[in-house]
$ cat target-v4.cif   # mmCIF, C-alpha atoms (C1' of nucleotides)
data_work
#
loop_
_atom_site.label_atom_id
_atom_site.label_comp_id
_atom_site.auth_asym_id
_atom_site.auth_seq_id
_atom_site.Cartn_x
_atom_site.Cartn_y
_atom_site.Cartn_z
CA MET A 1 73.59 118.31 101.90
CA GLY A 2 72.16 115.30 103.66
CA THR A 3 68.95 113.46 104.29
CA PRO A 4 68.68 110.83 107.06
CA ASP A 5 69.34 110.82 110.79
CA PHE A 6 72.98 110.11 110.13
CA SER A 7 73.47 113.58 108.68
CA VAL A 8 71.83 115.49 111.49
CA PRO A 9 74.77 115.61 113.93
CA CYS A 10 76.92 117.11 111.19
CA LEU A 11 74.38 119.81 110.54
CA ARG A 12 74.07 120.61 114.22
CA ALA A 13 77.84 120.58 114.65
CA LEU A 14 78.26 123.08 111.83
CA VAL A 15 75.88 125.48 113.47
CA GLN A 16 77.31 124.98 116.94
CA ALA A 17 80.84 125.51 115.71
CA GLY A 18 79.77 128.87 114.41
CA HIS A 19 80.00 128.11 110.71
CA GLU A 20 77.63 130.04 108.53
CA VAL A 21 75.21 127.58 106.97
CA VAL A 22 73.81 129.32 103.92
CA GLY A 23 71.49 126.55 102.87
CA VAL A 24 70.50 122.93 103.44
CA PHE A 25 69.82 120.39 100.72
CA CYS A 26 67.88 117.21 101.34
CA GLN A 27 65.73 114.73 99.49
CA PRO A 28 62.07 115.59 98.85
CA ASP A 29 59.47 114.50 101.41
CA LYS A 30 58.34 110.96 100.92
CA PRO A 31 55.15 109.13 101.77
CA VAL A 32 55.80 106.88 104.71
CA GLY A 33 54.02 104.57 107.11
CA ARG A 34 50.70 102.76 106.88
CA LYS A 35 48.83 105.91 106.00
CA GLN A 36 51.23 107.00 103.29
CA GLU A 37 51.55 110.42 104.82
CA LEU A 38 54.26 112.71 103.59
CA LYS A 39 57.07 112.93 106.03
CA ALA A 40 59.98 115.33 106.13
CA PRO A 41 63.45 113.77 106.18
CA PRO A 42 65.26 114.18 109.51
CA VAL A 43 67.67 116.73 108.08
CA LYS A 44 64.81 118.93 106.97
CA ALA A 45 63.22 118.78 110.39
CA ALA A 46 66.52 119.62 112.06
CA ALA A 47 67.24 122.44 109.64
CA LEU A 48 63.84 124.01 110.14
CA ALA A 49 64.29 123.81 113.88
CA LEU A 50 67.51 125.75 113.41
CA SER A 51 65.74 128.22 111.14
CA LEU A 52 67.94 127.34 108.18
CA PRO A 53 66.71 127.60 104.59
CA VAL A 54 65.97 124.17 103.09
CA VAL A 55 65.72 123.12 99.46
CA GLN A 56 64.60 119.70 98.26
CA PRO A 57 65.26 119.46 94.55
CA LYS A 58 64.28 116.29 92.76
CA SER A 59 67.51 116.45 90.83
CA LEU A 60 70.68 118.49 90.75
CA ARG A 61 71.32 117.77 87.13
CA GLY A 62 70.71 120.00 84.15
CA GLY A 63 72.05 123.06 85.95
CA GLU A 64 69.39 122.85 88.67
CA GLY A 65 71.94 122.31 91.44
CA VAL A 66 74.06 125.26 90.43
CA ARG A 67 70.99 127.45 90.00
CA LEU A 68 70.05 126.71 93.62
CA LEU A 69 73.61 127.16 94.90
CA GLU A 70 74.23 130.48 93.16
CA PRO A 71 72.26 132.73 95.53
CA MET A 72 73.71 130.88 98.53
CA ALA A 73 77.27 131.37 97.33
CA PRO A 74 78.82 128.69 99.58
CA ASP A 75 82.57 128.48 100.08
CA LEU A 76 82.26 124.81 100.79
CA VAL A 77 79.64 122.12 100.40
CA ILE A 78 79.49 119.33 102.98
CA VAL A 79 77.74 116.18 101.80
CA VAL A 80 76.65 113.54 104.30
CA ALA A 81 74.42 110.70 103.15
CA TYR A 82 72.55 112.97 100.79
CA GLY A 83 71.43 110.18 98.50
CA LYS A 84 72.05 111.90 95.20
CA ILE A 85 74.93 112.01 92.77
CA LEU A 86 76.38 115.48 92.38
CA PRO A 87 76.99 116.52 88.77
CA PRO A 88 80.38 118.02 87.82
CA ASP A 89 79.13 121.60 87.68
CA VAL A 90 77.98 121.35 91.29
CA LEU A 91 81.21 119.70 92.43
CA ALA A 92 83.20 122.56 90.93
CA PHE A 93 80.97 125.34 92.17
CA PRO A 94 82.21 126.07 95.73
CA LYS A 95 85.65 127.57 96.25
CA TYR A 96 86.75 124.62 98.40
CA GLY A 97 84.77 122.09 96.41
CA CYS A 98 82.58 119.46 97.96
CA VAL A 99 83.64 117.40 100.95
CA ASN A 100 81.90 114.15 101.76
CA ILE A 101 81.72 112.37 105.09
CA HIS A 102 81.46 108.64 104.48
CA ALA A 103 80.79 106.00 107.13
CA SER A 104 83.58 103.57 106.36
CA ILE A 105 87.32 103.36 106.08
CA LEU A 106 87.72 104.11 102.41
CA PRO A 107 88.38 102.60 99.97
CA LYS A 108 86.48 99.80 101.69
CA TYR A 109 82.70 99.89 101.64
CA ARG A 110 82.06 102.55 99.09
CA GLY A 111 78.42 103.04 98.29
CA ALA A 112 75.04 103.17 99.87
CA SER A 113 75.09 101.06 103.04
CA PRO A 114 78.62 100.95 104.44
CA ILE A 115 77.56 100.56 108.07
CA HIS A 116 75.18 97.69 107.46
CA TRP A 117 77.70 95.79 105.43
CA ALA A 118 80.51 96.26 107.87
CA VAL A 119 78.40 94.59 110.54
CA LEU A 120 77.01 91.94 108.19
CA ASN A 121 80.53 90.96 107.23
CA GLY A 122 81.57 90.74 110.85
CA GLU A 123 84.19 93.46 110.59
CA ARG A 124 85.94 94.28 113.84
CA GLU A 125 86.69 97.83 112.87
CA THR A 126 85.14 100.57 110.84
CA GLY A 127 85.23 104.33 110.83
CA VAL A 128 84.46 107.54 109.07
CA THR A 129 86.37 109.15 106.23
CA SER A 130 86.28 112.65 104.85
CA MET A 131 87.17 113.07 101.21
CA GLN A 132 87.30 115.59 98.44
CA MET A 133 84.47 114.54 96.17
CA ASP A 134 84.96 113.74 92.54
CA GLU A 135 82.57 112.38 89.97
CA GLY A 136 82.82 108.76 91.05
CA MET A 137 80.94 107.03 93.80
CA ASP A 138 83.03 107.66 96.93
CA THR A 139 86.22 107.66 94.93
CA GLY A 140 87.59 111.07 95.87
CA ASP A 141 90.91 111.79 97.55
CA ILE A 142 90.99 111.05 101.27
CA LEU A 143 91.36 113.99 103.61
CA LEU A 144 91.00 112.53 107.10
CA CYS A 145 89.95 109.24 108.60
CA GLU A 146 88.94 108.11 112.06
CA THR A 147 88.52 104.47 113.04
CA THR A 148 86.50 102.77 115.75
CA PRO A 149 86.10 99.15 116.84
CA ILE A 150 82.85 97.29 116.29
CA GLY A 151 81.52 95.49 119.35
CA GLU A 152 80.70 91.80 119.25
CA ASN A 153 77.02 92.40 119.73
CA GLU A 154 76.83 95.88 118.32
CA THR A 155 74.02 96.49 115.89
CA THR A 156 73.95 98.63 112.81
CA GLU A 157 71.74 101.04 114.67
CA ASP A 158 74.26 101.35 117.50
CA LEU A 159 77.01 102.01 115.00
CA PHE A 160 74.94 104.57 113.15
CA GLU A 161 74.65 106.47 116.35
CA ARG A 162 78.35 106.37 117.13
CA LEU A 163 79.57 106.98 113.60
CA SER A 164 77.28 109.93 113.04
CA THR A 165 78.84 111.60 116.07
CA LEU A 166 82.33 110.64 114.99
CA GLY A 167 81.51 111.89 111.53
CA ALA A 168 80.50 115.27 112.84
CA GLU A 169 83.75 115.58 114.76
CA LEU A 170 85.75 114.51 111.75
CA MET A 171 83.93 117.02 109.63
CA LEU A 172 84.81 119.90 111.95
CA LYS A 173 88.43 118.76 112.01
CA THR A 174 88.49 118.56 108.24
CA ILE A 175 87.04 122.03 107.84
CA ALA A 176 89.52 123.49 110.32
CA GLN A 177 92.47 121.99 108.49
CA LEU A 178 91.01 122.97 105.16
CA GLU A 179 90.93 126.56 106.31
CA ALA A 180 94.44 126.26 107.69
CA GLY A 181 95.64 124.72 104.46
CA THR A 182 97.27 121.80 106.22
CA LEU A 183 95.34 119.02 104.52
CA GLN A 184 97.14 116.62 102.28
CA PRO A 185 94.63 114.80 100.09
CA LYS A 186 95.63 111.21 99.44
CA PRO A 187 94.33 109.31 96.43
CA GLN A 188 92.56 106.09 97.31
CA ASP A 189 94.10 102.73 96.52
CA HIS A 190 91.45 101.80 94.01
CA SER A 191 92.66 98.22 93.78
CA GLN A 192 91.54 97.70 97.39
CA ALA A 193 88.11 99.21 96.87
CA THR A 194 84.85 97.43 97.63
CA THR A 195 81.42 98.77 96.88
CA VAL A 196 78.19 97.88 98.60
CA GLY A 197 74.65 98.45 97.46
CA LEU A 198 71.31 99.19 99.05
CA LEU A 199 69.68 96.67 101.32
CA THR A 200 66.33 95.19 100.48
CA LYS A 201 63.68 93.36 102.44
CA GLU A 202 64.45 90.23 100.48
CA MET A 203 67.61 89.95 102.56
CA SER A 204 65.67 89.61 105.78
CA ALA A 205 65.10 85.87 105.78
CA VAL A 206 67.69 84.02 107.84
CA ASP A 207 69.29 80.96 106.30
CA TRP A 208 69.71 78.63 109.26
CA GLY A 209 72.09 76.54 107.22
CA ALA A 210 74.70 79.25 107.57
CA ASP A 211 77.11 79.21 110.46
CA ALA A 212 76.10 80.76 113.76
CA GLN A 213 78.39 83.74 113.50
CA THR A 214 77.05 84.66 110.07
CA ILE A 215 73.50 84.46 111.37
CA HIS A 216 74.32 86.58 114.39
CA ASN A 217 75.97 89.12 112.12
CA LYS A 218 72.89 89.19 109.97
CA ILE A 219 70.53 89.77 112.86
CA ARG A 220 72.56 92.67 114.24
CA GLY A 221 73.59 93.95 110.82
CA LEU A 222 70.06 94.29 109.50
CA TYR A 223 68.84 95.92 112.71
CA SER A 224 66.80 98.03 112.80
CA TRP A 225 66.07 98.11 109.09
CA PRO A 226 65.15 95.96 107.22
CA GLY A 227 65.55 93.54 110.12
CA ALA A 228 66.22 89.82 110.08
CA SER A 229 63.35 87.36 110.14
CA THR A 230 62.41 83.72 109.94
CA THR A 231 59.14 81.86 109.98
CA LEU A 232 57.33 79.77 112.57
CA ASP A 233 54.29 77.72 111.55
CA GLY A 234 54.19 79.61 108.30
CA LYS A 235 54.07 82.98 110.03
CA LEU A 236 56.66 85.67 110.07
CA LEU A 237 58.90 86.00 113.09
CA LYS A 238 61.17 89.01 113.23
CA LEU A 239 64.48 88.61 114.98
CA HIS A 240 65.59 91.78 116.69
CA SER A 241 68.59 90.72 118.70
CA SER A 242 70.70 87.70 119.37
CA ARG A 243 73.86 86.48 121.03
CA MET A 244 76.45 83.86 120.29
CA THR A 245 76.57 80.90 122.66
CA ASP A 246 79.07 78.16 123.35
CA LYS A 247 76.39 75.54 123.08
CA THR A 248 76.49 73.07 120.24
CA SER A 249 73.81 70.72 119.05
CA ARG A 250 73.37 67.95 116.55
CA GLY A 251 69.97 69.30 115.66
CA GLN A 252 68.95 70.33 112.20
CA PRO A 253 69.61 73.89 111.09
CA GLY A 254 66.85 76.06 112.52
CA GLU A 255 65.91 73.59 115.23
CA VAL A 256 64.85 75.12 118.53
CA VAL A 257 66.78 73.88 121.52
CA CYS A 258 65.17 75.81 124.34
CA SER A 259 65.89 75.49 127.99
CA ASP A 260 65.40 77.67 131.05
CA GLY A 261 63.35 80.22 129.21
CA LYS A 262 66.03 80.76 126.63
CA LEU A 263 65.46 80.47 122.94
CA LEU A 264 68.45 78.69 121.44
CA VAL A 265 68.50 77.81 117.79
CA CYS A 266 70.85 75.40 116.12
CA CYS A 267 72.72 76.70 113.08
CA GLY A 268 74.37 75.07 110.11
CA ASP A 269 77.71 74.64 111.81
CA GLY A 270 76.21 72.97 114.87
CA ARG A 271 76.63 75.99 117.08
CA CYS A 272 73.64 77.70 118.63
CA VAL A 273 72.61 81.31 118.68
CA GLU A 274 70.37 82.63 121.41
CA LEU A 275 67.51 84.79 120.23
CA LEU A 276 67.03 87.58 122.73
CA GLU A 277 64.23 89.62 121.26
CA VAL A 278 61.66 88.55 118.70
CA GLN A 279 58.43 89.82 117.20
CA PRO A 280 55.66 87.58 115.92
CA GLU A 281 53.57 88.76 113.02
CA GLY A 282 50.98 91.25 114.19
CA LYS A 283 52.55 91.55 117.64
CA LYS A 284 54.92 93.87 119.32
CA ARG A 285 58.51 92.98 119.86
CA MET A 286 59.14 91.05 123.03
CA PRO A 287 61.95 89.38 124.97
CA ALA A 288 62.42 85.71 124.15
CA ALA A 289 61.38 84.73 127.67
CA ALA A 290 58.02 86.45 127.24
CA PHE A 291 57.55 84.84 123.87
CA LEU A 292 58.15 81.43 125.40
CA ASN A 293 55.78 82.10 128.30
CA GLY A 294 52.78 82.73 126.15
CA ARG A 295 53.53 80.40 123.33
CA ARG A 296 55.17 77.13 124.21
CA ILE A 297 57.64 76.22 121.57
CA PRO A 298 58.37 72.51 121.75
CA VAL A 299 62.02 71.55 121.53
CA GLY A 300 62.62 70.31 118.02
CA THR A 301 60.52 72.95 116.32
CA ILE A 302 62.18 73.96 113.08
CA LEU A 303 62.28 77.63 112.21
CA GLY A 304 62.28 78.91 108.68
CA GLN A 305 60.07 76.26 107.14
"C1'" C B 1 38.37 103.75 101.99
"C1'" G B 2 45.18 99.03 99.95
"C1'" C B 3 45.34 93.67 102.68
"C1'" G B 4 45.63 91.44 107.51
"C1'" G B 5 46.58 90.44 112.97
"C1'" A B 6 45.79 92.20 118.05
"C1'" G B 7 44.00 94.98 122.76
"C1'" U B 8 42.12 90.17 129.21
"C1'" A B 9 46.80 91.07 136.41
"C1'" G B 10 53.60 93.99 135.85
"C1'" A B 11 54.98 90.59 130.96
"C1'" G B 12 53.47 86.91 127.26
"C1'" C B 13 49.12 84.12 126.30
"C1'" A B 14 44.11 81.04 127.10
"C1'" A B 15 38.87 81.34 127.55
"C1'" U B 16 35.34 84.38 122.54
"C1'" C B 17 32.88 80.20 117.46
"C1'" C B 18 28.37 77.73 121.02
"C1'" G B 19 26.89 84.06 126.60
"C1'" G B 20 26.74 81.36 132.85
"C1'" U B 21 32.51 81.45 139.17
"C1'" A B 22 38.03 85.00 134.03
"C1'" G B 23 42.55 80.44 133.63
"C1'" C B 24 48.04 79.23 132.28
"C1'" U B 25 53.39 80.31 132.19
"C1'" C B 26 56.65 84.02 134.05
"C1'" G B 27 57.46 88.03 137.35
"C1'" U B 28 56.32 90.01 142.24
"C1'" C B 29 55.46 89.40 147.75
"C1'" G B 30 55.54 86.00 152.13
"C1'" G B 31 57.02 81.28 154.07
"C1'" G B 32 59.79 76.54 153.67
"C1'" C B 33 64.06 73.49 152.02
"C1'" U B 34 69.40 74.18 151.37
"C1'" C B 35 76.35 75.32 152.86
"C1'" A B 36 74.06 78.13 149.03
"C1'" U B 37 71.11 79.66 144.67
"C1'" A B 38 68.69 82.65 139.24
"C1'" A B 39 67.09 75.69 141.52
"C1'" C B 40 62.99 73.13 144.24
"C1'" C B 41 58.27 73.03 147.56
"C1'" C B 42 53.96 75.79 149.86
"C1'" G B 43 51.01 80.11 150.10
"C1'" G B 44 49.33 85.27 148.92
"C1'" A B 45 48.48 89.83 146.38
"C1'" G B 46 47.36 91.80 141.88
"C1'" G B 47 41.46 92.32 136.61
"C1'" U B 48 35.74 97.84 136.46
"C1'" U B 49 38.56 92.02 129.95
"C1'" G B 50 41.03 99.42 125.34
"C1'" U B 51 36.65 103.04 125.45
"C1'" A B 52 31.26 104.20 124.76
"C1'" G B 53 26.55 102.50 123.85
"C1'" G B 54 23.02 98.31 122.73
"C1'" U B 55 20.69 93.13 123.26
"C1'" U B 56 19.98 89.78 127.63
"C1'" C B 57 17.88 87.23 133.87
"C1'" A B 58 23.20 87.22 132.81
"C1'" A B 59 28.40 89.87 128.22
"C1'" A B 60 35.64 89.03 127.97
"C1'" U B 61 32.11 86.30 124.73
"C1'" C B 62 26.67 88.65 120.58
"C1'" C B 63 25.51 93.77 117.90
"C1'" U B 64 27.00 99.05 116.78
"C1'" A B 65 30.40 102.93 117.12
"C1'" U B 66 35.18 104.61 118.50
"C1'" C B 67 40.49 104.86 120.12
"C1'" U B 68 45.26 102.50 120.15
"C1'" C B 69 49.21 98.98 118.72
"C1'" C B 70 51.44 95.78 115.11
"C1'" G B 71 52.62 92.61 110.34
"C1'" C B 72 52.36 93.03 104.85
"C1'" A B 73 52.25 96.34 100.86
"C1'" A B 74 54.14 101.22 99.34
#
$ encode --input "target-v4.cif" --output "structure tokens"
Amino acid sequence: MGTPDFSVPCLRALVQAGHEVVGVFCQPDKPVGRKQELKAPPVKAAALALSLPVVQPKSLRGGEGVRLLEPMAPDLVIVVAYGKILPPDVLAFPKYGCVNIHASILPKYRGASPIHWAVLNGERETGVTSMQMDEGMDTGDILLCETTPIGENETTEDLFERLSTLGAELMLKTIAQLEAGTLQPKPQDHSQATTVGLLTKEMSAVDWGADAQTIHNKIRGLYSWPGASTTLDGKLLKLHSSRMTDKTSRGQPGEVVCSDGKLLVCCGDGRCVELLEVQPEGKKRMPAAAFLNGRRIPVGTILGQ
RNA sequence: CGCGGAGUAGAGCAAUCCGGUAGCUCGUCGGGCUCAUAACCCGGAGGUUGUAGGUUCAAAUCCUAUCUCCGCAA
């Protein structure tokens, strides 16, 4: 069971490892894009390409989940970023229960957007955890965990990529040990738990009054969705990538301090971040140097006003 | 028919309203300066202005159609 790109490597890994995949669950198709066309979730596309049966129930509650699982008769259900809560009757249905692959080091970052928040908070390390699911939100007993460092300039998208691969490996390891009976589930330390929610577009606007590191974290943490942004002359300016600099300035927060084709912006703590890639409203994304070539930004321009 | 922006040299833009030699910054190539350089100076190449029609002595510019890209909304 899974829906977005993150789940796809797990699905592929299952097939490649020779496991019998009796069925794939994912969210229903949703209208997407400017034309509101229905689009299949990545997991559905991948499953169809592998000729696997796909179901997309609106809900698993009220016995619906079990009704769908019955003919498939799975020994084990693997859940990776499915996006739905599994009711108790579903959790209890497979012989080995339901195992979830979660993109954080539990009990930290339970919930919907663990990767985004790890980057936003400037964490140096994150990972993937497999757990025996229970009725709570990512509260089940931990089976295995694998950690990985987060790079200084790594974006959420980069991490997604790496963690989805790591997750697939961890999943195979978990299944192997489950079969061998060598797993020792460990209850989570619930007192250390943190839970994070969904991201919204309202979070996109950069507060230049914050310190430079926080702003840099925001730009890479919200990449590529929903993306960080500010305004210039009342128009939206998306910020795709940035870098910390050693430069300091006495300018106001949001003040542009550009030199040598570089777009440096002063932050609340007096340090400057360099914007590397931006996207004006109605335009494509472009390197900062290109942006400065076409549109001269006078030093002293204040962003975000 | 949800609202809106945009297609001009390799990149980002100007010129479009009010038709008349397509310009700027960067890159690129050549030369110069320099101990040296991503710095500076000089010079060159590179465009059938998204596509198709129309109006006109003349269209990047006006009219019609069409394709593509993007922001918002969802």
$ resolve_selection --input "target-v4.cif" --expression "the PyMOL selection byres ((chain B) within 7 of (chain A))" --output "number ranges by chain"
B: 5-6, 11-13, 25-26, 70-71
$ resolve_selection --input "target-v4.cif" --expression "the PyMOL selection byres ((chain B and resi 14-19) around 8)" --output "MDAnalysis selection string"
chainID B and resid 13 20 22:24 58:62
$ resolve_selection --input "target-v4.cif" --expression "the PyMOL selection byres ((chain B and resi 66) around 8)" --output "MDAnalysis selection string"
chainID B and resid 51:52 65 67
$ write_last_selection --input "target-v4.cif" --atoms "C-alpha atoms (C1' of nucleotides)" --output "compact mmCIF listing (two decimals), in the frame of the given file"
# COMPACT_ATOMS: atom_id res chain seq x y z
C1' U B 51 36.65 103.04 125.45
C1' A B 52 31.26 104.20 124.76
C1' A B 65 30.40 102.93 117.12
C1' C B 67 40.49 104.86 120.12
$ atom_distance --input "target-v4.cif" --atom1 "atom CA of Gln305 of chain A" --atom2 "atom CA of Glu154 of chain A"
28.1 Å
$ residues_around --input "target-v4.cif" --residues "Gly83 of chain A" --least-positions-apart "3" --cutoff "12 Å" --atoms "all atoms listed in the file" --output "list of chain:residue names"
A:Met1, A:Gly2, A:Thr3, A:Pro4, A:Phe6, A:Ser7, A:Phe25, A:Cys26, A:Gln27, A:Pro28, A:Pro41, A:Gln56, A:Pro57, A:Lys58, A:Ser59, A:Leu60, A:Val79, A:Val80, A:Leu86, A:Asn100, A:His102, A:Gly111, A:Ala112, A:Ser113, A:Met137, A:Asp138, A:Leu198
$ atom_distance --input "target-v4.cif" --atom1 "atom CA of His216 of chain A" --atom2 "atom CA of Glu274 of chain A"
9.0 Å
$ closest_residue --input "target-v4.cif" --among "A:Val90, A:Ile115, A:Val21, A:Ile142" --to "Pro187 of chain A" --atoms "all atoms listed in the file"
A:Ile142
$ closest_residue --input "target-v4.cif" --among "A:Thr231, A:Thr155, A:Gln132, A:Asn217" --to "Gln184 of chain A" --atoms "only C-alpha atoms"
A:Gln132
$ axis_aligned_box --input "target-v4.cif" --around "segment 27-44 of chain B" --padding-each-side "4 Å" --output "AutoDock Vina command-line options"
--center_x 62.8 --center_y 81.5 --center_z 145.7 --size_x 35.0 --size_y 25.0 --size_z 24.7
$ decode --input "target-v4.cif" --residues "segment 15-37 of chain B" --atoms "N, CA and C atoms (P, O5', C5', C4', C3', O3' and C1' of nucleotides)" --output "compact mmCIF listing (two decimals), in the first residue's frame"
# COMPACT_ATOMS: atom_id res chain seq x y z
P A B 15 10.16 47.63 -23.54
O5' A B 15 10.50 47.97 -25.06
C5' A B 15 11.04 49.23 -25.41
C4' A B 15 11.45 49.22 -26.85
C3' A B 15 10.32 49.01 -27.86
O3' A B 15 9.63 50.21 -28.12
C1' A B 15 12.20 47.67 -28.45
P U B 16 8.12 50.38 -27.63
O5' U B 16 7.33 49.25 -28.44
C5' U B 16 7.23 49.32 -29.85
C4' U B 16 6.15 48.39 -30.34
C3' U B 16 4.77 48.61 -29.70
O3' U B 16 3.74 48.39 -30.65
C1' U B 16 5.52 46.40 -29.27
P C B 17 3.10 49.67 -31.39
O5' C B 17 2.12 50.24 -30.27
C5' C B 17 0.93 49.54 -29.95
C4' C B 17 0.29 50.17 -28.74
C3' C B 17 -0.05 51.65 -28.91
O3' C B 17 -1.38 51.76 -29.41
C1' C B 17 1.09 51.28 -26.85
P C B 18 -1.75 53.15 -30.21
O5' C B 18 -0.58 53.31 -31.27
C5' C B 18 -0.79 54.14 -32.41
C4' C B 18 0.52 54.72 -32.85
C3' C B 18 1.64 53.68 -33.02
O3' C B 18 2.43 54.00 -34.14
C1' C B 18 2.29 55.35 -31.45
P G B 19 2.00 53.48 -35.62
O5' G B 19 3.13 52.46 -36.01
C5' G B 19 3.96 51.91 -34.99
C4' G B 19 4.84 50.86 -35.64
C3' G B 19 5.98 51.45 -36.45
O3' G B 19 7.12 50.63 -36.28
C1' G B 19 4.59 50.12 -37.83
P G B 20 8.50 51.32 -35.93
O5' G B 20 9.15 51.49 -37.37
C5' G B 20 9.63 50.33 -38.06
C4' G B 20 10.59 50.75 -39.16
C3' G B 20 11.59 51.82 -38.76
O3' G B 20 12.84 51.56 -39.36
C1' G B 20 10.31 52.57 -40.60
P U B 21 14.05 51.05 -38.44
O5' U B 21 15.23 50.74 -39.47
C5' U B 21 15.13 49.66 -40.38
C4' U B 21 16.47 48.97 -40.49
C3' U B 21 16.97 48.36 -39.18
O3' U B 21 17.74 47.22 -39.48
C1' U B 21 18.46 50.05 -39.87
P A B 22 17.59 45.96 -38.70
O5' A B 22 17.12 46.35 -37.23
C5' A B 22 18.10 46.54 -36.23
C4' A B 22 17.46 46.36 -34.89
C3' A B 22 18.35 45.60 -33.91
O3' A B 22 19.16 46.50 -33.19
C1' A B 22 16.20 44.61 -33.98
P G B 23 20.72 46.54 -33.48
O5' G B 23 21.35 46.89 -32.07
C5' G B 23 21.30 48.19 -31.55
C4' G B 23 20.76 48.17 -30.14
C3' G B 23 21.60 47.40 -29.11
O3' G B 23 22.73 48.13 -28.67
C1' G B 23 19.30 46.91 -28.83
P C B 24 23.92 47.33 -27.99
O5' C B 24 23.36 47.03 -26.53
C5' C B 24 23.10 48.10 -25.62
C4' C B 24 22.62 47.56 -24.30
C3' C B 24 23.55 46.55 -23.63
O3' C B 24 24.60 47.18 -22.94
C1' C B 24 21.31 45.78 -23.53
P U B 25 25.98 46.41 -22.73
O5' U B 25 25.61 45.32 -21.62
C5' U B 25 25.42 45.72 -20.26
C4' U B 25 25.00 44.52 -19.44
C3' U B 25 25.94 43.33 -19.51
O3' U B 25 27.04 43.45 -18.63
C1' U B 25 23.73 42.60 -19.81
P C B 26 28.39 42.72 -19.02
O5' C B 26 28.03 41.17 -19.06
C5' C B 26 27.90 40.43 -17.86
C4' C B 26 27.37 39.04 -18.14
C3' C B 26 28.27 38.09 -18.93
O3' C B 26 29.32 37.55 -18.15
C1' C B 26 26.04 37.86 -19.64
P G B 27 30.67 37.10 -18.89
O5' G B 27 30.20 35.85 -19.77
C5' G B 27 29.84 34.62 -19.14
C4' G B 27 29.30 33.66 -20.17
C3' G B 27 30.27 33.26 -21.27
O3' G B 27 31.12 32.20 -20.86
C1' G B 27 28.20 33.84 -22.24
P U B 28 32.60 32.10 -21.42
O5' U B 28 32.37 31.90 -22.99
C5' U B 28 31.82 30.69 -23.49
C4' U B 28 31.68 30.75 -24.99
C3' U B 28 32.96 31.15 -25.73
O3' U B 28 33.80 30.02 -25.94
C1' U B 28 31.16 32.44 -26.52
P C B 29 35.39 30.21 -25.77
O5' C B 29 35.78 30.85 -27.17
C5' C B 29 35.57 30.15 -28.38
C4' C B 29 35.83 31.05 -29.55
C3' C B 29 37.14 31.84 -29.49
O3' C B 29 38.26 31.06 -29.86
C1' C B 29 35.40 33.29 -30.10
P G B 30 39.67 31.39 -29.22
O5' G B 30 40.09 32.74 -29.94
C5' G B 30 40.36 32.74 -31.33
C4' G B 30 40.66 34.14 -31.81
C3' G B 30 41.71 34.90 -31.00
O3' G B 30 43.03 34.53 -31.32
C1' G B 30 39.86 36.31 -31.40
P G B 31 44.16 34.70 -30.20
O5' G B 31 44.33 36.28 -30.09
C5' G B 31 44.88 37.01 -31.19
C4' G B 31 44.79 38.49 -30.94
C3' G B 31 45.51 39.01 -29.70
O3' G B 31 46.90 39.14 -29.87
C1' G B 31 43.36 39.98 -29.82
P G B 32 47.84 39.06 -28.56
O5' G B 32 47.48 40.40 -27.78
C5' G B 32 47.79 41.67 -28.37
C4' G B 32 47.33 42.78 -27.47
C3' G B 32 47.93 42.80 -26.06
O3' G B 32 49.23 43.36 -26.04
C1' G B 32 45.60 43.17 -25.93
P C B 33 50.27 42.87 -24.90
O5' C B 33 49.66 43.46 -23.57
C5' C B 33 49.54 44.88 -23.40
C4' C B 33 48.88 45.19 -22.07
C3' C B 33 49.52 44.52 -20.86
O3' C B 33 50.65 45.25 -20.40
C1' C B 33 47.18 44.22 -20.77
P U B 34 51.98 44.49 -19.96
O5' U B 34 51.52 43.67 -18.69
C5' U B 34 51.06 44.36 -17.53
C4' U B 34 50.49 43.36 -16.55
C3' U B 34 51.41 42.20 -16.19
O3' U B 34 52.37 42.56 -15.22
C1' U B 34 49.22 41.40 -16.60
P C B 35 53.87 42.08 -15.38
O5' C B 35 53.82 40.58 -14.87
C5' C B 35 54.92 39.71 -15.16
C4' C B 35 54.65 38.34 -14.58
C3' C B 35 53.29 37.75 -14.90
O3' C B 35 53.27 37.14 -16.18
C1' C B 35 53.74 37.49 -12.60
P A B 36 51.99 37.29 -17.15
O5' A B 36 50.83 36.68 -16.23
C5' A B 36 50.81 35.27 -15.96
C4' A B 36 49.75 34.94 -14.94
C3' A B 36 48.32 35.29 -15.33
O3' A B 36 47.77 34.32 -16.20
C1' A B 36 48.73 35.92 -13.08
P U B 37 46.65 34.80 -17.27
O5' U B 37 45.34 34.82 -16.39
C5' U B 37 44.91 33.64 -15.71
C4' U B 37 43.81 33.98 -14.74
C3' U B 37 42.62 34.72 -15.35
O3' U B 37 41.72 33.79 -15.95
C1' U B 37 43.26 35.78 -13.34
